[in-house]
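**Student:** mmCIF, C-alpha atoms, saved as upload-v4.cif, coming up:
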data_data
#
loop_
_atom_site.label_atom_id
_atom_site.label_comp_id
_atom_site.auth_asym_id
_atom_site.auth_seq_id
_atom_site.Cartn_x
_atom_site.Cartn_y
_atom_site.Cartn_z
CA MET A 12 -37.74 51.62 -80.10
CA ARG A 13 -35.13 49.01 -80.69
CA ASP A 14 -31.38 48.82 -80.60
CA ALA A 15 -28.66 46.19 -81.08
CA LYS A 16 -24.97 45.67 -81.73
CA SER A 17 -22.93 47.37 -84.39
CA SER A 18 -23.21 45.84 -87.83
CA ALA A 19 -19.66 44.51 -87.68
CA THR A 20 -20.28 42.67 -84.42
CA SER A 21 -23.66 41.51 -85.66
CA ARG A 22 -22.16 39.86 -88.71
CA ARG A 23 -19.64 38.01 -86.54
CA ASN A 24 -22.41 36.50 -84.46
CA LEU A 25 -24.20 33.26 -85.16
CA LEU A 26 -27.02 34.04 -87.60
CA LEU A 27 -30.35 32.33 -87.01
CA GLY A 28 -33.53 32.74 -89.03
CA THR A 29 -36.81 32.81 -87.12
CA ALA A 30 -37.66 29.34 -88.36
CA ALA A 31 -34.12 28.08 -87.72
CA ALA A 32 -34.08 29.54 -84.23
CA GLY A 33 -37.42 27.95 -83.52
CA ALA A 34 -36.13 24.60 -84.67
CA LEU A 35 -33.00 24.95 -82.59
CA PHE A 36 -34.86 25.84 -79.43
CA ALA A 37 -37.50 23.22 -80.11
CA ALA A 38 -34.72 20.68 -80.27
CA GLY A 39 -33.27 22.03 -77.05
CA CYS A 40 -36.57 22.28 -75.23
CA THR A 41 -38.60 19.33 -76.43
CA SER A 42 -36.11 16.52 -76.81
CA ASN A 43 -33.58 14.94 -74.50
CA GLU A 44 -32.55 12.11 -76.77
CA ASN A 45 -29.80 11.62 -79.33
CA ASN A 46 -29.27 8.72 -81.71
CA ASP A 47 -26.07 6.74 -81.25
CA SER A 48 -24.14 5.16 -84.10
CA ASP A 49 -26.49 2.16 -84.06
CA GLY A 50 -29.56 4.35 -84.40
CA ASN A 51 -30.61 3.80 -80.78
CA SER A 52 -31.94 6.63 -78.66
CA GLU A 53 -29.92 7.73 -75.68
CA PRO A 54 -30.14 10.73 -73.32
CA ALA A 55 -28.67 13.95 -74.67
CA ALA A 56 -25.67 15.45 -72.91
CA ASN A 57 -26.97 17.96 -70.38
CA THR A 58 -29.35 19.90 -72.63
CA ALA A 59 -32.54 21.64 -71.56
CA ASP A 60 -35.77 19.85 -72.42
CA ASP A 61 -39.50 20.25 -71.87
CA LYS A 62 -39.66 17.98 -68.87
CA PRO A 63 -39.85 19.75 -65.49
CA GLY A 64 -36.43 20.09 -63.91
CA LYS A 65 -34.74 22.35 -61.41
CA GLU A 66 -36.98 25.25 -60.36
CA VAL A 67 -35.78 28.52 -61.91
CA THR A 68 -36.90 32.06 -61.04
CA ILE A 69 -36.33 34.41 -63.96
CA GLY A 70 -36.43 38.17 -63.51
CA PHE A 71 -37.63 40.02 -66.59
CA ALA A 72 -37.08 43.77 -67.03
CA GLY A 73 -37.88 45.72 -70.15
CA PRO A 74 -38.81 49.25 -71.18
CA GLN A 75 -42.34 50.60 -71.21
CA ALA A 76 -44.51 48.85 -73.81
CA ASP A 77 -45.39 52.06 -75.67
CA HIS A 78 -44.89 50.48 -79.10
CA GLY A 79 -46.42 47.42 -80.75
CA TRP A 80 -43.08 45.62 -80.96
CA LEU A 81 -42.23 46.25 -77.30
CA ASN A 82 -45.64 45.05 -76.19
CA ALA A 83 -45.06 41.89 -78.23
CA ILE A 84 -41.71 41.43 -76.47
CA ASN A 85 -43.44 41.45 -73.08
CA GLU A 86 -46.17 39.09 -74.23
CA GLN A 87 -43.72 36.65 -75.80
CA ALA A 88 -41.67 36.45 -72.58
CA LYS A 89 -44.70 35.91 -70.34
CA ARG A 90 -46.29 33.36 -72.64
CA ARG A 91 -43.08 31.35 -72.92
CA ALA A 92 -42.50 31.32 -69.16
CA LYS A 93 -46.01 29.92 -68.58
CA GLU A 94 -45.17 26.95 -70.78
CA TYR A 95 -42.64 25.70 -68.22
CA GLN A 96 -43.78 24.16 -64.93
CA ASP A 97 -40.36 24.80 -63.44
CA VAL A 98 -40.15 28.54 -64.29
CA THR A 99 -41.37 31.40 -62.12
CA LEU A 100 -41.29 34.79 -63.88
CA GLU A 101 -40.75 37.93 -61.85
CA SER A 102 -41.63 40.74 -64.27
CA THR A 103 -41.26 44.49 -63.75
CA GLU A 104 -43.77 47.05 -65.03
CA GLY A 105 -41.22 48.41 -67.49
CA SER A 106 -40.02 51.96 -67.81
CA ASN A 107 -38.33 54.28 -70.30
CA ASP A 108 -36.85 56.21 -67.37
CA THR A 109 -33.30 54.95 -66.91
CA ALA A 110 -33.16 55.50 -63.14
CA GLN A 111 -36.50 53.78 -62.65
CA GLN A 112 -35.51 50.76 -64.71
CA ILE A 113 -32.23 50.47 -62.82
CA GLY A 114 -34.23 50.51 -59.58
CA GLN A 115 -36.54 47.79 -60.88
CA ILE A 116 -33.57 45.59 -61.82
CA GLU A 117 -31.90 46.19 -58.44
CA THR A 118 -35.11 45.01 -56.78
CA LEU A 119 -34.89 41.78 -58.79
CA ILE A 120 -31.23 41.40 -57.80
CA ASN A 121 -32.19 41.84 -54.12
CA LYS A 122 -34.87 39.16 -54.56
CA LYS A 123 -32.03 36.85 -55.61
CA VAL A 124 -33.65 35.66 -58.82
CA ASP A 125 -31.72 32.88 -60.53
CA VAL A 126 -31.36 34.57 -63.93
CA LEU A 127 -32.14 38.01 -65.31
CA VAL A 128 -33.49 38.81 -68.79
CA ILE A 129 -33.02 42.52 -69.48
CA LEU A 130 -34.08 44.61 -72.47
CA PRO A 131 -32.62 47.97 -71.41
CA ALA A 132 -34.28 51.23 -72.36
CA ASP A 133 -30.69 52.44 -72.88
CA GLY A 134 -28.00 49.78 -73.10
CA LYS A 135 -25.11 52.07 -72.23
CA ALA A 136 -26.88 53.66 -69.28
CA LEU A 137 -27.84 50.29 -67.77
CA THR A 138 -24.46 48.61 -68.18
CA GLN A 139 -23.52 49.11 -64.53
CA VAL A 140 -26.62 47.37 -63.22
CA GLY A 141 -25.92 44.47 -65.59
CA LEU A 142 -22.41 44.27 -64.15
CA LYS A 143 -23.88 44.40 -60.63
CA ALA A 144 -26.08 41.40 -61.36
CA MET A 145 -23.26 39.39 -62.90
CA ARG A 146 -20.99 40.16 -59.92
CA ALA A 147 -23.77 39.00 -57.61
CA GLY A 148 -23.71 35.65 -59.37
CA ILE A 149 -26.91 36.21 -61.35
CA PRO A 150 -26.34 35.48 -65.05
CA VAL A 151 -27.88 38.06 -67.40
CA VAL A 152 -29.48 37.43 -70.77
CA ASN A 153 -29.16 40.80 -72.53
CA LEU A 154 -32.08 41.17 -74.91
CA ASP A 155 -31.58 43.22 -78.09
CA ARG A 156 -30.31 46.63 -76.89
CA VAL A 157 -26.78 45.73 -75.96
CA PHE A 158 -24.89 46.75 -72.84
CA ALA A 159 -21.65 48.70 -73.32
CA SER A 160 -19.57 45.90 -71.78
CA ALA A 161 -19.63 42.18 -72.58
CA GLN A 162 -18.93 41.61 -68.87
CA ALA A 163 -22.46 42.84 -68.09
CA TYR A 164 -24.14 39.78 -69.61
CA ARG A 165 -23.67 36.06 -70.06
CA CYS A 166 -25.57 35.89 -73.35
CA TRP A 167 -26.86 38.45 -75.84
CA ILE A 168 -29.79 37.70 -78.15
CA GLY A 169 -31.30 40.20 -80.54
CA GLY A 170 -32.10 41.34 -84.03
CA ASP A 171 -29.89 42.32 -86.94
CA ASN A 172 -30.54 45.95 -87.87
CA TYR A 173 -27.85 46.05 -90.56
CA GLY A 174 -29.23 42.82 -92.03
CA MET A 175 -32.73 44.28 -91.92
CA GLY A 176 -31.66 47.13 -94.20
CA LEU A 177 -29.57 44.81 -96.34
CA ASN A 178 -32.46 42.43 -96.99
CA ALA A 179 -34.89 45.28 -97.67
CA GLY A 180 -32.45 46.70 -100.20
CA HIS A 181 -31.90 43.39 -101.95
CA TYR A 182 -35.64 42.72 -102.18
CA ILE A 183 -36.26 46.12 -103.74
CA GLY A 184 -33.20 45.77 -105.96
CA GLU A 185 -34.41 42.46 -107.38
CA ARG A 186 -37.89 43.86 -107.98
CA LEU A 187 -36.47 46.85 -109.87
CA LYS A 188 -33.53 45.11 -111.53
CA GLY A 189 -34.87 45.49 -115.05
CA LYS A 190 -36.00 49.10 -114.71
CA LYS A 191 -33.81 51.91 -116.05
CA ASN A 192 -33.15 54.92 -113.82
CA ALA A 193 -35.13 53.47 -110.94
CA LYS A 194 -35.58 55.73 -107.92
CA VAL A 195 -36.15 54.76 -104.29
CA ILE A 196 -36.85 56.69 -101.11
CA GLU A 197 -36.46 55.81 -97.43
CA LEU A 198 -38.63 56.55 -94.39
CA ALA A 199 -36.21 55.93 -91.54
CA GLY A 200 -36.64 55.77 -87.77
CA ILE A 201 -35.03 58.03 -85.17
CA ASP A 202 -31.70 59.25 -86.54
CA ASN A 203 -29.93 59.58 -83.19
CA LEU A 204 -30.42 55.85 -82.56
CA GLU A 205 -27.66 53.51 -83.69
CA LEU A 206 -30.25 51.03 -84.92
CA THR A 207 -31.55 53.56 -87.47
CA ARG A 208 -28.05 54.24 -88.75
CA GLN A 209 -27.43 50.51 -89.09
CA ARG A 210 -30.64 49.96 -91.04
CA THR A 211 -29.79 52.77 -93.42
CA ALA A 212 -26.20 51.52 -93.82
CA GLY A 213 -27.43 48.04 -94.72
CA PHE A 214 -29.97 49.44 -97.17
CA ASP A 215 -27.39 51.63 -98.89
CA ALA A 216 -24.91 48.74 -99.08
CA ALA A 217 -27.48 46.54 -100.80
CA LEU A 218 -28.43 49.22 -103.34
CA LYS A 219 -24.79 49.47 -104.45
CA ASN A 220 -25.34 46.10 -106.14
CA TYR A 221 -27.91 47.67 -108.46
CA PRO A 222 -26.36 50.46 -110.59
CA ASN A 223 -29.73 51.23 -112.16
CA ILE A 224 -31.16 52.35 -108.79
CA GLU A 225 -30.67 55.73 -107.11
CA LYS A 226 -31.87 56.69 -103.65
CA VAL A 227 -33.33 60.14 -104.15
CA GLY A 228 -34.97 60.93 -100.81
CA ARG A 229 -34.91 60.14 -97.11
CA GLN A 230 -36.81 61.36 -94.06
CA ALA A 231 -36.39 60.28 -90.44
CA ALA A 232 -39.60 59.72 -88.49
CA GLU A 233 -40.06 58.70 -84.83
CA PHE A 234 -41.59 55.21 -84.91
CA THR A 235 -45.08 56.68 -84.42
CA VAL A 236 -48.17 56.76 -86.63
CA GLU A 237 -48.25 60.56 -86.54
CA SER A 238 -44.60 61.01 -87.51
CA GLY A 239 -44.92 58.40 -90.23
CA GLN A 240 -47.83 60.26 -91.77
CA SER A 241 -46.24 63.72 -91.65
CA LYS A 242 -42.81 62.64 -92.90
CA MET A 243 -44.29 60.49 -95.66
CA ALA A 244 -46.41 63.43 -96.80
CA GLN A 245 -43.23 65.49 -97.12
CA LEU A 246 -41.55 62.77 -99.19
CA LEU A 247 -44.55 62.46 -101.49
CA GLN A 248 -44.64 66.21 -102.01
CA ALA A 249 -40.92 66.36 -102.75
CA HIS A 250 -40.86 63.40 -105.16
CA SER A 251 -43.49 63.20 -107.87
CA ARG A 252 -42.04 59.94 -109.15
CA PHE A 253 -40.23 57.08 -107.49
CA ASP A 254 -40.39 53.31 -107.76
CA ALA A 255 -39.97 51.97 -104.23
CA LEU A 256 -40.15 53.01 -100.59
CA TRP A 257 -38.51 51.35 -97.62
CA ASN A 258 -40.13 52.21 -94.30
CA HIS A 259 -38.12 51.13 -91.25
CA ASP A 260 -41.06 50.40 -88.96
CA ASP A 261 -44.55 48.98 -89.43
CA ASP A 262 -46.07 51.14 -86.66
CA GLN A 263 -45.01 54.37 -88.36
CA GLY A 264 -46.00 52.63 -91.59
CA VAL A 265 -49.66 52.98 -90.58
CA GLY A 266 -49.23 56.74 -90.89
CA ALA A 267 -47.18 56.43 -94.05
CA GLU A 268 -49.92 54.42 -95.71
CA ARG A 269 -52.49 57.05 -94.71
CA ALA A 270 -50.42 59.75 -96.37
CA ILE A 271 -50.02 57.61 -99.49
CA LYS A 272 -53.76 56.98 -99.69
CA GLN A 273 -54.56 60.66 -99.16
CA ALA A 274 -52.17 61.58 -101.98
CA GLY A 275 -53.82 59.03 -104.28
CA ARG A 276 -50.48 57.40 -105.06
CA ASP A 277 -50.11 53.77 -106.09
CA ASP A 278 -47.25 54.01 -108.57
CA PHE A 279 -44.55 52.40 -106.40
CA LEU A 280 -43.99 49.42 -104.10
CA MET A 281 -43.50 49.71 -100.35
CA VAL A 282 -41.48 47.53 -97.99
CA GLY A 283 -42.11 47.75 -94.25
CA GLY A 284 -40.09 46.75 -91.22
CA ALA A 285 -40.48 44.67 -88.04
CA GLY A 286 -43.34 42.31 -88.93
CA ALA A 287 -46.62 43.66 -87.55
CA LYS A 288 -49.66 41.43 -88.07
CA ARG A 289 -51.52 44.32 -89.70
CA ALA A 290 -48.73 44.65 -92.26
CA MET A 291 -48.75 40.92 -92.95
CA ASP A 292 -52.53 40.93 -93.42
CA THR A 293 -52.17 43.77 -95.91
CA ILE A 294 -49.40 41.96 -97.77
CA LYS A 295 -51.55 38.85 -97.97
CA ALA A 296 -54.51 40.82 -99.35
CA ASP A 297 -52.15 42.30 -101.97
CA ASN A 298 -54.36 45.32 -102.69
CA THR A 299 -52.10 48.22 -101.62
CA VAL A 300 -48.56 49.44 -102.32
CA LEU A 301 -47.26 47.44 -99.32
CA LYS A 302 -45.71 44.30 -100.78
CA ALA A 303 -43.28 43.11 -98.09
CA THR A 304 -42.03 43.63 -94.55
CA VAL A 305 -38.59 42.75 -93.16
CA LEU A 306 -38.75 40.99 -89.81
CA TYR A 307 -37.29 42.10 -86.52
CA PRO A 308 -38.73 39.15 -84.58
CA PRO A 309 -40.19 39.78 -81.10
CA THR A 310 -39.97 36.00 -80.69
CA MET A 311 -36.46 36.76 -79.42
CA ALA A 312 -38.05 37.36 -76.00
CA ALA A 313 -39.42 33.80 -75.91
CA SER A 314 -36.00 32.50 -76.91
CA ALA A 315 -34.45 34.63 -74.15
CA ILE A 316 -36.64 32.79 -71.63
CA ASP A 317 -35.46 29.48 -73.10
CA LEU A 318 -31.86 30.58 -72.68
CA ALA A 319 -32.45 31.87 -69.15
CA ARG A 320 -34.07 28.60 -68.11
CA ALA A 321 -31.16 26.62 -69.54
CA LEU A 322 -28.72 28.89 -67.67
CA GLY A 323 -30.63 28.48 -64.43
CA GLN A 324 -30.56 24.71 -64.80
CA GLY A 325 -26.90 24.68 -65.82
CA LYS A 326 -27.68 23.14 -69.19
CA GLY A 327 -26.89 23.73 -72.84
CA VAL A 328 -29.08 23.99 -75.92
CA GLY A 329 -30.11 20.99 -77.99
CA GLY A 330 -28.83 20.87 -81.56
CA LEU A 331 -25.41 22.25 -80.57
CA ALA A 332 -22.37 20.24 -79.55
CA GLU A 333 -21.33 22.67 -76.82
CA LEU A 334 -22.27 22.02 -73.19
CA GLU A 335 -22.97 25.73 -72.63
CA ILE A 336 -25.39 28.11 -74.32
CA PRO A 337 -23.80 30.46 -76.89
CA ALA A 338 -22.48 33.89 -75.92
CA SER A 339 -24.60 35.57 -78.60
CA LEU A 340 -27.43 34.86 -81.02
CA THR A 341 -28.37 37.20 -83.85
CA LEU A 342 -31.77 36.54 -85.38
CA TYR A 343 -32.21 36.70 -89.14
CA SER A 344 -34.35 39.43 -90.74
CA ALA A 345 -36.46 37.45 -93.18
CA VAL A 346 -38.43 39.23 -95.91
CA VAL A 347 -42.16 38.44 -95.71
CA THR A 348 -44.06 38.59 -99.02
CA LYS A 349 -47.39 37.24 -100.25
CA ASP A 350 -45.55 34.03 -101.19
CA ASN A 351 -44.50 33.18 -97.61
CA VAL A 352 -46.77 35.33 -95.42
CA ASP A 353 -48.81 32.38 -94.10
CA GLU A 354 -45.61 30.92 -92.65
CA TYR A 355 -44.84 34.08 -90.68
CA LEU A 356 -48.33 35.29 -89.74
CA PRO A 357 -48.26 33.50 -86.36
CA THR A 358 -45.25 35.67 -85.37
CA GLY A 359 -46.97 38.96 -86.33
CA PHE A 360 -47.63 41.40 -83.49
CA SER A 361 -50.45 43.87 -82.93
#
Would you mind writing the file out in C-alpha cells?

**Tutor:**
Amino acid sequence: MRDAKSSATSRRNLLLGTAAAGALFAAGCTSNENNDSDGNSEPAANTADDKPGKEVTIGFAGPQADHGWLNAINEQAKRRAKEYQDVTLESTEGSNDTAQQIGQIETLINKKVDVLVILPADGKALTQVGLKAMRAGIPVVNLDRVFASAQAYRCWIGGDNYGMGLNAGHYIGERLKGKKNAKVIELAGIDNLELTRQRTAGFDAALKNYPNIEKVGRQAAEFTVESGQSKMAQLLQAHSRFDALWNHDDDQGVGAERAIKQAGRDDFLMVGGAGAKRAMDTIKADNTVLKATVLYPPTMAASAIDLARALGQGKGVGGLAELEIPASLTLYSAVVTKDNVDEYLPTGFS
C-alpha cells in the first residue's frame, strides 16, 4: 500500500497535476531550445532532453508488487527507462521484508549505480540505507513513501493523500449540495498507515464546507478485494440509507462493488481512489453506482526515472528557471468522472 508525507508538508510542496507534470517533464525531456527576446531558438540552459547524453545507470528498488498500483509503479519505471538510449536500469525483485529490501539496495550501492530510485516498503525503516547511499555519493530519488530524514534523499516525488481525501470530499459535497440531511459513509484503507489517516483527514475537512452533509459510518479495510467486500457488507447492513460512499482504493473497491451488487443497492453514488483502469471503464459505462475515482498516479515512477536521469547527467528540468531539479514534487489528485475519463484512461492501471 502507499504512503507519503504529512498533509502539512504535502501542501507546502510544489503541486503538479498529472497533465501538468507530464507537460513539465515533456518540456524537460523533449526540448533543448528556448526562444530569446527576438523569437529565435537557442539551446536551453543545462536541461535534460530526449537526445542521448551521458550514460546513466539507475538503480530501482521498490516493494513487492502485490497490489495493482504497485505493479503499475514497477511497469511505469521500466517502460520509461527503455525510452532512453542512455539509461541502464538495474531493478531489484522487490520485497515487503524490510531487511531484504535493505539488502537489495545495498547491493545496488555496491554496484556503484549513478542514481537510486527507491520506493521503500517502510520509509522510516529504510532511512538509514537512504543515508548510506547519499553518503556514498549516490543521489536518491525517494518515491512516494518518504524517508524519516530529508538527508536520505536528494528529491522526493509522490502523491498527495490529504489532497486525495479533500478532492473526494469536495466532489461528493458538490453532488449533494442541494440535498437536505445528506449522509455519507467511508470505506478507508489500513488505519495504522499514515496515508489512510491523511485521506480521512482531507475528506473530513472537505465535508465541513457542506453543513447539509453528515458522515454517518466508516470502516477500515486492507486494500484487498476480500476486505473491501466484507467491510462494505458491514456498512450496508448498518446503514439502510445513505447518499454517497468514498472508497479509498480501487482494488478493494472491486470487493465493495460485489457487496453492493449482492445487496441490490443502487440508491447512492460511489467515489473510488487511485485510478484503476477497471474503475475508469466502469465510470465511462456509467451503469453502476461508481461515478468517479480520485487519482493517486503511478506515473510518478516514470517521472522519478526522468528526475534520476537528469540528476545523473547533472542537469535540470525544462520549464523551470532553476539549474537543479526540485527537492520535492507532489502530484495532484485529479477527480476522474465520465466527463474527463477519456483523458485519464491511458494512465489507468490493471

**Student:** Written as a PyMOL selection string, which residues does the PyMOL selection byres ((chain A and resi 299) around 9) give for the file shown?

**Tutor:** chain A and resi 268+277+280-281+293-294+296-298+300-302

**Student:** Atoms to include: C-alpha atoms. Write the selected residues as a short mmCIF file (atom, residue, chain, number, x, y, z; two decimals), in the frame of the given file.

**Tutor:**
data_model
loop_
_atom_site.label_atom_id
_atom_site.label_comp_id
_atom_site.auth_asym_id
_atom_site.auth_seq_id
_atom_site.Cartn_x
_atom_site.Cartn_y
_atom_site.Cartn_z
CA GLU A 268 -49.92 54.42 -95.71
CA ASP A 277 -50.11 53.77 -106.09
CA LEU A 280 -43.99 49.42 -104.10
CA MET A 281 -43.50 49.71 -100.35
CA THR A 293 -52.17 43.77 -95.91
CA ILE A 294 -49.40 41.96 -97.77
CA ALA A 296 -54.51 40.82 -99.35
CA ASP A 297 -52.15 42.30 -101.97
CA ASN A 298 -54.36 45.32 -102.69
CA VAL A 300 -48.56 49.44 -102.32
CA LEU A 301 -47.26 47.44 -99.32
CA LYS A 302 -45.71 44.30 -100.78
#

**Student:** Pull out every residue that the PyMOL selection byres ((chain A and resi 284-286) around 6) matches in the shown coordinates and put them as a ChimeraX atom specification.

**Tutor:** /A:259-261,283,287,304-307,359

**Student:** Excluding same-chain residues fewer than 5 positions from segment 309-326 of chain A, what lies within 6 Å of it counting all atoms listed in the file, as a compact mmCIF listing (two decimals) with C-alpha atoms, in the coordinates of the input?

**Tutor:**
# COMPACT_ATOMS: atom_id res chain seq x y z
CA ASN A 57 -26.97 17.96 -70.38
CA THR A 58 -29.35 19.90 -72.63
CA ALA A 59 -32.54 21.64 -71.56
CA LYS A 65 -34.74 22.35 -61.41
CA VAL A 67 -35.78 28.52 -61.91
CA ILE A 84 -41.71 41.43 -76.47
CA GLN A 87 -43.72 36.65 -75.80
CA ALA A 88 -41.67 36.45 -72.58
CA ARG A 91 -43.08 31.35 -72.92
CA ASP A 125 -31.72 32.88 -60.53
CA VAL A 126 -31.36 34.57 -63.93

**Student:** Of the candidates A:Ile149, A:Met175, A:Leu342, A:Leu331, which shows the shortest atom-to-atom distance to Leu206 of chain A, using all atoms listed in the file?

**Tutor:**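 Ranked by minimum distance to Leu206 of chain A, first place goes to A:Met175.
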
**Student:** What is the atom CA of Lys123 of chain A to atom CA of Phe158 of chain A distance in Å?

**Tutor:**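 Computing the Euclidean distance for atom CA of Lys123 of chain A and atom CA of Phe158 of chain A yields 21.1 Å.
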
**Student:** Restricting the calculation to all atoms listed in the file: of A:Ala83, A:Ala193, A:Ile113, A:Ile129, which residue gets closest to Phe279 of chain A?

**Tutor:**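 Selected residue with least distance to Phe279 of chain A: A:Ala193.
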
**Student:** Let me make sure I understand: among A:Ala270, A:Ala332, A:Met291, A:Val98, which one has the smallest atom-to-atom distance to Ser238 of chain A if we use all atoms listed in the file?

**Tutor:**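 Comparing A:Ala270, A:Ala332, A:Met291, A:Val98 against Ser238 of chain A, the winner is A:Ala270.
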
**Student:** For the structure shown, which residues end up in the PyMOL selection byres ((chain A and resi 274) around 12)? Put them as a list in words, please?

**Tutor:**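 With the PyMOL selection byres ((chain A and resi 274) around 12) on this model, the match is Gln240, Met243, Ala244, Gln245, Leu246, Leu247, Gln248, His250, Ser251, Ala267, Glu268, Arg269, Ala270, Ile271, Lys272, Gln273, Gly275, Arg276, Asp277 and Asp278 of chain A.
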
**Student:** Tell me, as a PyMOL selection string, which residues lie within 10 Å of Pro222 of chain A, counting only C-alpha atoms; anything in the same chain fewer than 5 positions away does not count.

**Tutor:** chain A and resi 184+188+191-193

**Student:** With a distance cut-off of 10 Å and all atoms listed in the file, select the neighbouring residues of segment 177-182 of chain A, excluding the residue or stretch itself and same-chain residues fewer than 2 positions from it, and output the selection as number ranges by chain.

**Tutor:** A: 171-175, 184-188, 195, 209-221, 256-259, 282-284, 303-306, 343-346, 348

**Student:** Determine the nearest neighbour of Thr109 of chain A from the options A:Ile224, A:Ile183, A:Leu334, A:Ala132, counting only C-alpha atoms.

**Tutor:**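 Of the candidates, the smallest distance to Thr109 of chain A is held by A:Ala132.
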
**Student:** Excluding Lys122 of chain A and residues on its chain fewer than 5 positions from it, collect all residues at most 10 Å away from it, counting only C-alpha atoms, and give them as a list in words.

**Tutor:** Thr68, Gly70, Glu101, Ile116 and Glu117 of chain A

**Student:** What does the structure give for the distance between atom CA of Gly200 of chain A and atom CA of Gly239 of chain A, in Å to one decimal?

**Tutor:**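 Between atom CA of Gly200 of chain A and atom CA of Gly239 of chain A the gap works out to 9.0 Å.
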
**Student:** What does the distance from atom CA of Val227 of chain A to atom CA of Ala249 of chain A come to in Å, to one decimal?

**Tutor:**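 According to the coordinates, atom CA of Val227 of chain A and atom CA of Ala249 of chain A are separated by 9.9 Å.
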